[in-house]
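*Asks:* Take a look at query_0.cif, mmCIF, C-alpha atoms:
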```
data_final
loop_
_atom_site.label_atom_id
_atom_site.label_comp_id
_atom_site.auth_asym_id
_atom_site.auth_seq_id
_atom_site.Cartn_x
_atom_site.Cartn_y
_atom_site.Cartn_z
CA MET A 1 20.95 10.56 -33.58
CA LEU A 2 24.58 10.54 -34.78
CA LEU A 3 24.59 6.75 -34.68
CA GLY A 4 21.53 6.58 -36.96
CA VAL A 5 23.08 9.01 -39.46
CA PHE A 6 26.32 7.00 -39.47
CA LEU A 7 24.48 3.73 -40.16
CA PHE A 8 22.54 5.24 -43.03
CA LEU A 9 25.59 6.90 -44.65
CA PHE A 10 27.63 3.71 -44.28
CA SER A 11 24.91 1.67 -46.03
CA LEU A 12 24.60 4.30 -48.76
CA THR A 13 28.34 4.38 -49.40
CA CYS A 14 28.56 0.59 -49.70
CA LEU A 15 25.70 0.52 -52.18
CA LEU A 16 27.20 3.33 -54.26
CA LEU A 17 30.46 1.45 -54.52
CA VAL A 18 28.71 -1.77 -55.55
CA SER A 19 26.52 0.04 -58.09
CA PHE A 20 29.47 1.88 -59.56
CA GLN A 21 31.47 -1.33 -59.93
CA LEU A 22 28.58 -3.21 -61.60
CA THR A 23 27.88 -0.39 -64.03
CA ARG A 24 31.55 -0.07 -64.91
CA THR A 25 31.85 -3.79 -65.56
CA LEU A 26 28.77 -3.84 -67.80
CA THR A 27 29.81 -0.83 -69.86
CA LYS A 28 33.24 -2.35 -70.52
CA THR A 29 31.81 -5.64 -71.74
CA THR A 30 31.88 -5.39 -75.57
CA ALA A 31 29.95 -8.61 -76.05
CA ILE A 32 26.79 -6.90 -74.90
CA SER A 33 24.83 -4.57 -77.18
CA ILE A 34 24.26 -0.91 -76.32
CA SER A 35 20.55 -1.48 -75.62
CA ALA A 36 21.36 -4.47 -73.41
CA ARG A 37 23.87 -2.38 -71.50
CA GLN A 38 21.32 0.43 -71.05
CA GLU A 39 18.75 -2.03 -69.77
CA ALA A 40 21.31 -3.54 -67.41
CA THR A 41 22.28 -0.07 -66.14
CA PHE A 42 18.60 0.83 -65.62
CA ALA A 43 17.99 -2.44 -63.74
CA THR A 44 21.08 -1.81 -61.64
CA SER A 45 19.82 1.70 -60.79
CA ASN A 46 16.43 0.35 -59.74
CA THR A 47 18.10 -2.33 -57.67
CA PHE A 48 20.32 0.29 -56.09
CA LEU A 49 17.30 2.48 -55.27
CA GLY A 50 15.42 -0.43 -53.72
CA LEU A 51 18.41 -1.56 -51.68
CA SER A 52 19.03 2.02 -50.55
CA CYS A 53 15.47 2.31 -49.25
CA PHE A 54 15.75 -1.07 -47.55
CA CYS A 55 19.06 -0.22 -45.89
CA GLY A 56 17.76 3.21 -44.88
CA ALA A 57 14.73 1.61 -43.20
CA LEU A 58 16.95 -1.04 -41.61
CA SER A 59 19.31 1.65 -40.31
CA GLY A 60 16.35 3.55 -38.83
CA ILE A 61 15.04 0.43 -37.09
CA LEU A 62 18.50 -0.40 -35.72
CA PHE A 63 18.91 3.17 -34.52
CA PHE A 64 15.50 3.11 -32.80
CA ILE A 65 16.33 -0.19 -31.05
CA ILE A 66 19.74 1.04 -29.92
CA TYR A 67 18.31 4.40 -28.84
CA LYS A 68 15.55 2.76 -26.80
CA ARG A 69 18.07 0.49 -25.11
CA THR A 70 20.51 3.29 -24.28
CA LYS A 71 17.82 5.70 -23.04
CA PRO A 72 17.20 4.67 -19.41
CA THR A 73 13.74 3.61 -18.31
CA ILE A 74 12.91 5.25 -14.99
CA VAL A 75 10.31 3.43 -12.92
CA LEU A 76 8.26 5.27 -10.29
CA HIS A 77 6.38 3.59 -7.43
CA PRO A 78 3.72 3.76 -6.18
CA LEU A 79 1.04 5.05 -8.51
CA ASN A 80 -1.46 7.01 -6.43
CA ASP A 81 -4.34 9.44 -6.80
CA VAL A 82 -2.65 12.31 -4.95
CA TRP A 83 -0.28 13.40 -7.71
CA ASP A 84 1.11 12.21 -11.04
CA PRO A 85 4.76 13.29 -11.45
CA ILE A 86 5.27 11.43 -14.73
CA LYS A 87 3.43 14.08 -16.76
CA ARG A 88 5.82 16.74 -15.50
CA LEU A 89 8.93 14.58 -15.83
CA ARG A 90 8.22 13.55 -19.41
CA ARG A 91 7.94 17.19 -20.47
CA LYS A 92 11.01 18.41 -18.62
CA SER A 93 13.60 15.61 -18.73
CA PRO A 94 14.58 13.34 -21.65
CA TYR A 95 13.95 9.87 -20.24
CA GLN A 96 11.28 7.19 -20.36
CA TYR A 97 9.04 7.11 -17.28
CA VAL A 98 6.65 4.34 -16.25
CA TYR A 99 4.80 3.16 -13.15
CA ARG A 100 5.22 -0.39 -11.87
CA SER A 101 3.27 -2.23 -9.18
CA LEU A 102 5.08 -3.88 -6.28
CA ASP A 103 4.20 -7.26 -7.75
CA GLN A 104 5.91 -6.30 -11.02
CA LEU A 105 9.00 -5.03 -9.19
CA ILE A 106 9.36 -8.29 -7.29
CA ASN A 107 8.24 -10.89 -9.82
CA LYS A 108 9.12 -9.53 -13.27
CA LYS A 109 12.80 -9.02 -14.02
CA PRO A 110 13.46 -6.54 -16.87
CA MET A 111 15.93 -7.60 -19.58
CA VAL A 112 18.08 -4.50 -19.06
CA PRO A 113 18.67 -2.58 -15.80
CA GLN A 114 16.05 0.04 -14.97
CA VAL A 115 16.16 2.93 -12.53
CA LEU A 116 13.69 3.01 -9.62
CA ILE A 117 12.53 6.17 -7.82
CA PRO A 118 10.31 6.16 -4.72
CA ILE A 119 7.48 8.70 -4.59
CA SER A 120 6.13 7.75 -1.15
CA ASP A 121 7.76 7.70 2.28
CA ALA A 122 6.57 4.15 2.95
CA PHE A 123 8.14 2.84 -0.26
CA ALA A 124 11.43 4.58 0.53
CA VAL A 125 11.51 2.60 3.79
CA TYR A 126 10.57 -0.59 1.93
CA LEU A 127 13.37 -0.08 -0.61
CA SER A 128 15.98 0.20 2.12
CA GLU A 129 14.66 -2.88 3.91
CA ASN A 130 14.52 -4.98 0.70
CA SER A 131 17.30 -3.42 -1.36
CA ARG A 132 19.17 -6.64 -2.17
CA GLN A 133 16.09 -8.45 -3.47
CA ILE A 134 15.06 -5.58 -5.73
CA ARG A 135 18.60 -4.91 -6.97
CA ASP A 136 18.94 -8.60 -7.84
CA ASN A 137 15.83 -8.11 -9.98
CA ASN A 138 17.74 -5.68 -12.25
CA TYR A 139 16.73 -2.35 -10.66
CA LEU A 140 19.09 0.49 -9.80
CA PHE A 141 18.29 3.03 -7.07
CA MET A 142 19.65 4.99 -4.13
CA SER A 143 18.76 3.80 -0.64
CA CYS A 144 19.96 3.74 2.94
CA ARG A 145 21.45 0.63 4.49
CA THR A 146 18.36 0.03 6.64
CA GLY A 147 14.75 1.13 6.76
CA ALA A 148 15.32 2.35 10.32
CA MET A 149 17.73 4.98 9.01
CA VAL A 150 15.00 6.33 6.73
CA GLU A 151 12.38 6.29 9.48
CA THR A 152 14.65 8.36 11.74
CA LEU A 153 13.78 11.30 9.50
CA SER A 154 10.47 10.33 7.84
CA ASN A 155 8.64 9.17 10.98
CA LYS A 156 7.41 12.31 12.70
CA VAL A 157 7.49 10.79 16.20
CA LYS A 158 11.08 9.60 15.77
CA LEU A 159 12.17 12.89 14.22
CA SER A 160 10.72 14.80 17.18
CA SER A 161 13.24 13.10 19.49
CA HIS A 162 16.25 13.73 17.22
CA ARG A 163 19.40 14.92 18.99
CA LEU A 164 19.31 18.23 17.05
CA GLN A 165 16.36 19.56 19.02
CA GLN A 166 17.29 23.21 18.54
CA PHE A 167 16.30 22.96 14.87
CA LEU A 168 12.89 21.37 15.51
CA PRO A 169 9.63 22.81 16.87
CA GLN A 170 9.09 22.21 20.59
CA THR A 171 7.17 19.02 21.33
CA TYR A 172 4.47 19.14 24.02
CA ASP A 173 3.12 16.46 26.30
CA ARG A 174 -0.58 16.44 27.20
CA ASN A 175 -0.05 18.67 30.24
CA ASN A 176 1.83 21.70 28.90
CA ILE A 177 0.21 22.55 25.60
CA SER A 178 0.16 26.06 24.20
CA TYR A 179 -2.69 26.63 21.74
CA PRO A 180 -2.86 26.89 18.81
CA CYS A 181 -0.60 23.91 18.19
CA ILE A 182 0.10 21.36 15.47
CA LEU A 183 -0.95 17.71 15.70
CA LYS A 184 1.07 15.26 13.60
CA TYR A 185 0.34 11.57 13.23
CA ARG A 186 3.37 9.28 13.16
CA GLU A 187 3.17 8.63 9.43
CA GLY A 188 1.47 10.29 6.52
CA GLY A 189 2.18 12.16 3.34
CA TYR A 190 1.00 15.33 1.64
CA SER A 191 -0.12 16.71 5.03
CA THR A 192 -2.83 14.05 5.42
CA GLY A 193 -1.78 13.45 9.04
CA VAL A 194 -1.15 17.08 10.05
CA PHE A 195 -3.78 19.27 11.77
CA ARG A 196 -4.00 22.75 13.24
CA ILE A 197 -5.47 22.45 16.75
CA GLU A 198 -7.17 25.39 18.44
CA ASN A 199 -8.25 23.92 21.79
CA LYS A 200 -8.32 20.82 24.04
CA ASP A 201 -11.67 19.52 22.79
CA GLU A 202 -10.43 19.52 19.21
CA LEU A 203 -7.24 17.73 20.26
CA ASP A 204 -9.19 15.07 22.18
CA ASN A 205 -11.45 14.38 19.20
CA ARG A 206 -8.45 13.92 16.89
CA THR A 207 -6.55 11.57 19.22
CA ILE A 208 -9.21 9.14 20.50
CA GLY A 209 -7.64 5.70 20.96
CA LYS A 210 -4.15 6.98 20.18
CA ILE A 211 -1.08 7.32 22.40
CA VAL A 212 0.88 10.57 22.57
CA ASN A 213 4.51 10.31 21.42
CA GLU A 214 3.81 6.88 19.95
CA ASP A 215 0.96 7.37 17.49
CA TYR A 216 1.18 11.15 17.31
CA ILE A 217 3.02 14.22 18.55
CA ILE A 218 1.89 17.70 19.53
CA GLN A 219 4.20 20.52 18.46
CA GLU A 220 4.35 24.24 18.83
CA ALA A 221 2.97 26.21 15.91
CA ILE A 222 5.77 28.16 14.24
CA LEU A 223 4.04 31.43 13.42
CA ASP A 224 5.40 32.74 10.15
CA SER A 225 3.72 33.37 6.80
CA ARG A 226 6.57 31.89 4.73
CA GLU A 227 7.43 28.21 4.34
CA TYR A 228 10.48 26.87 2.55
CA SER A 229 10.96 23.62 0.68
CA THR A 230 14.21 22.08 -0.58
CA GLN A 231 14.68 18.91 -2.61
CA PHE A 232 17.99 17.15 -1.99
CA ILE A 233 20.03 14.29 -3.33
CA VAL A 234 22.25 12.99 -0.54
CA HIS A 235 25.11 10.61 -1.32
CA ASP A 236 26.60 8.87 1.72
CA GLY A 237 25.64 11.73 4.01
CA LYS A 238 26.80 14.54 1.70
CA ILE A 239 24.48 16.87 -0.20
CA VAL A 240 25.23 16.59 -3.94
CA PHE A 241 22.14 18.42 -5.21
CA HIS A 242 19.67 20.92 -3.81
CA SER A 243 16.96 23.13 -5.29
CA SER A 244 14.58 25.31 -3.30
CA TYR A 245 11.52 27.51 -3.32
CA TYR A 246 9.32 29.23 -0.76
CA ASP A 247 5.59 29.91 -0.51
CA ASP A 248 4.11 33.04 1.05
CA TYR A 249 0.68 32.79 2.71
CA ASP A 250 -1.76 35.41 3.97
CA SER A 251 -1.69 33.82 7.44
CA ASN A 252 1.02 33.00 10.00
CA LEU A 253 -0.52 29.57 10.63
CA PHE A 254 -1.40 27.42 7.61
CA ILE A 255 -1.26 23.84 6.40
CA TRP A 256 -0.64 23.01 2.76
CA PRO A 257 -2.60 22.00 0.66
CA ARG A 258 -5.67 22.94 2.70
CA ASP A 259 -4.48 26.54 2.63
CA ASN A 260 -3.38 28.12 -0.64
CA SER A 261 -0.27 30.23 -0.95
CA ILE A 262 -0.44 33.68 -2.48
CA SER A 263 2.96 33.47 -4.21
CA THR A 264 5.80 31.05 -4.94
CA THR A 265 9.44 32.06 -5.38
CA LYS A 266 12.36 29.92 -6.53
CA PHE A 267 15.72 30.43 -4.85
CA ARG A 268 19.03 28.67 -4.27
CA LEU A 269 20.77 28.12 -0.95
CA HIS A 270 24.32 29.45 -1.11
CA GLU A 271 26.99 26.80 -0.74
CA ASP A 272 28.30 28.52 2.41
CA ASP A 273 24.82 28.83 3.95
CA GLU A 274 24.83 27.51 7.52
CA LYS A 275 21.50 25.78 6.88
CA LEU A 276 23.22 23.34 4.49
CA LYS A 277 25.61 22.35 7.27
CA VAL A 278 22.65 21.75 9.59
CA PHE A 279 20.90 19.62 6.98
CA GLU A 280 24.00 17.47 6.55
CA GLU A 281 24.02 16.88 10.30
CA PHE A 282 20.54 15.40 9.94
CA PHE A 283 21.66 13.45 6.85
CA THR A 284 24.42 11.49 8.58
CA ASP A 285 24.49 8.01 6.93
CA TYR A 286 21.58 8.96 4.65
CA ASN A 287 21.65 8.05 0.95
CA GLY A 288 19.03 9.01 -1.62
CA LEU A 289 16.36 11.57 -2.46
CA ILE A 290 14.90 13.62 0.38
CA ASN A 291 12.79 16.74 0.69
CA CYS A 292 12.60 19.13 3.64
CA ASN A 293 9.89 21.63 4.60
CA TYR A 294 10.99 24.30 7.05
CA LYS A 295 10.53 27.82 8.36
CA VAL A 296 12.99 30.45 9.51
CA ASN A 297 11.62 32.04 12.66
CA ASN A 298 13.52 35.01 14.13
CA GLY A 299 16.58 33.85 12.20
CA GLN A 300 16.34 30.30 13.58
CA LEU A 301 15.87 27.31 11.29
CA LYS A 302 12.87 25.18 12.29
CA ILE A 303 12.47 21.92 10.37
CA LEU A 304 8.85 20.85 9.99
CA GLU A 305 9.33 17.50 8.22
CA PHE A 306 11.48 15.37 5.95
CA ASN A 307 10.14 13.29 3.05
CA PRO A 308 12.59 10.62 1.78
CA ARG A 309 11.43 10.60 -1.84
CA LEU A 310 10.90 12.62 -4.98
CA SER A 311 8.58 15.42 -3.92
CA GLY A 312 6.16 17.89 -5.44
CA ASP A 313 9.08 20.31 -5.70
CA ILE A 314 9.44 19.10 -9.30
CA TYR A 315 6.52 21.40 -10.18
CA THR A 316 8.40 24.50 -9.03
CA ILE A 317 12.08 23.91 -9.74
CA SER A 318 13.48 24.93 -13.12
CA LYS A 319 13.77 22.60 -16.10
CA THR A 320 17.57 22.79 -15.81
CA ASP A 321 17.52 21.81 -12.14
CA LEU A 322 15.03 19.01 -12.78
CA GLN A 323 17.22 17.55 -15.51
CA LYS A 324 20.26 17.85 -13.24
CA LEU A 325 18.38 16.13 -10.41
CA ILE A 326 17.51 13.11 -12.57
CA ARG A 327 20.98 12.98 -14.12
CA LEU A 328 22.69 12.98 -10.70
CA TYR A 329 20.27 10.40 -9.35
CA LEU A 330 21.22 8.13 -12.27
CA LYS A 331 24.89 8.76 -11.53
CA TYR A 332 24.66 7.66 -7.90
CA CYS A 333 22.33 4.70 -8.43
CA LYS A 334 23.76 1.23 -7.89
#
```
Translate this structure into structure tokens?
*Replies:*
Amino acid sequence: MLLGVFLFLFSLTCLLLVSFQLTRTLTKTTAISISARQEATFATSNTFLGLSCFCGALSGILFFIIYKRTKPTIVLHPLNDVWDPIKRLRRKSPYQYVYRSLDQLINKKPMVPQVLIPISDAFAVYLSENSRQIRDNNYLFMSCRTGAMVETLSNKVKLSSHRLQQFLPQTYDRNNISYPCILKYREGGYSTGVFRIENKDELDNRTIGKIVNEDYIIQEAILDSREYSTQFIVHDGKIVFHSSYYDDYDSNLFIWPRDNSISTTKFRLHEDDEKLKVFEEFFTDYNGLINCNYKVNNGQLKILEFNPRLSGDIYTISKTDLQKLIRLYLKYCK
């Protein structure tokens, strides 16, 4: 805005000086009659007015072009029918947001660098596996060095065998199951591959043709009516942003979004909270956006899943935190 005002005032000042000099010259010329001088002054004033309008419009156009070029375009991928974060982001943070197809990301190079944010687990893996190609195509983003590093947390089977077992629900084999339990397919988002299982028949029907601990896992049900969610930005293994909320349910065993919460509360983890230290142990070598859903059962942190992307937390965190999240993401993009 200041740049546009400066351009307009600069143009106006130049024109005033030119107009003043022309008028002064004409009025000092004795060879010209009074009426001729008045007509010349009037013509000069009209010319000045027209040029002022032209320069004002030109200044506005230049300001708009410069503003559009300096305001980052943030690209989200993929577009899907589960949720549409752009509507929320446009209202709460001052950037341009668009969707792009994978074909556009690979085959159409933008003239100026654009920022890319994954909104699916699968695309977060893809970004890490193809980071050089997409960066060469003029996109900036945060990613891990390899897709395998992302899958260590996003893939539910791989996460279940993480070395930090004490912070994960117990995983069952087919012979020692305690019902009710939770069935999780290896991959899936928005709880599409997560099921509450009440008995063996139900488990068998859900796992026909699938291999335990390869295609799916069976975990203990953490019985607690409160579930927490925290959105992080992690830079080279260190948490640089976090914002949290929790949902309360009327049952100790629920699965969002099939079950609706009865209340939602925003909160912030204290910087000396031991849970942050645990999260950073999981985030060793991680780089980028990541969300975690977890419970605290009898004082013990139990991590339910990680999602290496921008999550639905944007609907619950404050406008200030959302703007900070995007601003820090831009800062750490490369």
*Asks:* Kindly extract all protein, DNA and RNA residues lying within 9 Å of the coordinates (10.9, 4.8, -22.1) given in the file, considering all atoms listed in the file, and supply them as a list in words.
*Replies:* Lys68, Arg69, Lys71, Pro72, Thr73, Ile74, Tyr95, Gln96, Tyr97 and Val98 of chain A
*Asks:* When the PyMOL selection byres ((chain A and resi 302) around 12) is applied to the structure above, which residues does it catch, written out as number ranges by chain?
*Replies:* A: 160, 164-170, 219-224, 226-229, 275, 278-279, 292-301, 303-306
*Asks:* Pick out the residues sitting within 9 Å of Asp236 of chain A, and hand them over as a ChimeraX atom specification; count all atoms listed in the file, and ignore anything fewer than 5 positions along from it in its own chain.
*Replies:* /A:144,283-288
*Asks:* I want to know what sits within 9 Å of Ile233 of chain A, based on only C-alpha atoms, with residues of the same chain fewer than 4 positions away left out; could you give that as a list in words?
*Replies:*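 Near neighbours after the sequence-gap exclusion: Lys238, Ile239, Val240, Phe241, His242, Asn287, Gly288, Leu289, Ile290, Asn291, Leu325, Leu328 and Tyr329 of chain A.
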*Asks:* Counting only C-alpha atoms, which residue out of A:Tyr185, A:Ile317, A:Asn205, A:Arg258 sits closest to Tyr245 of chain A?
*Replies:* A:Ile317
*Asks:* Nearest to Ala122 of chain A: which of A:Arg309, A:Lys210, A:Lys92, A:Arg174 is it, counting all atoms listed in the file?
*Replies:*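 Closest residue, counting all atoms listed in the file: A:Arg309.
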*Asks:* Of the residues A:Tyr172, A:Phe254, A:Phe141, A:Tyr249, which is the one nearest to Pro118 of chain A, using only C-alpha atoms?
*Replies:*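 Result for the nearest residue to Pro118 of chain A: A:Phe141.
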*Asks:* One number please: atom CA of Tyr246 of chain A to atom CA of Leu310 of chain A, in Å, one decimal.
*Replies:*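 According to the coordinates, atom CA of Tyr246 of chain A and atom CA of Leu310 of chain A are separated by 17.2 Å.
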*Asks:* Can you work out the spacing between atom CA of Ser311 of chain A and atom CA of Gln133 of chain A in Å, to one decimal?
*Replies:*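 Going from atom CA of Ser311 of chain A over to atom CA of Gln133 of chain A covers 25.0 Å.
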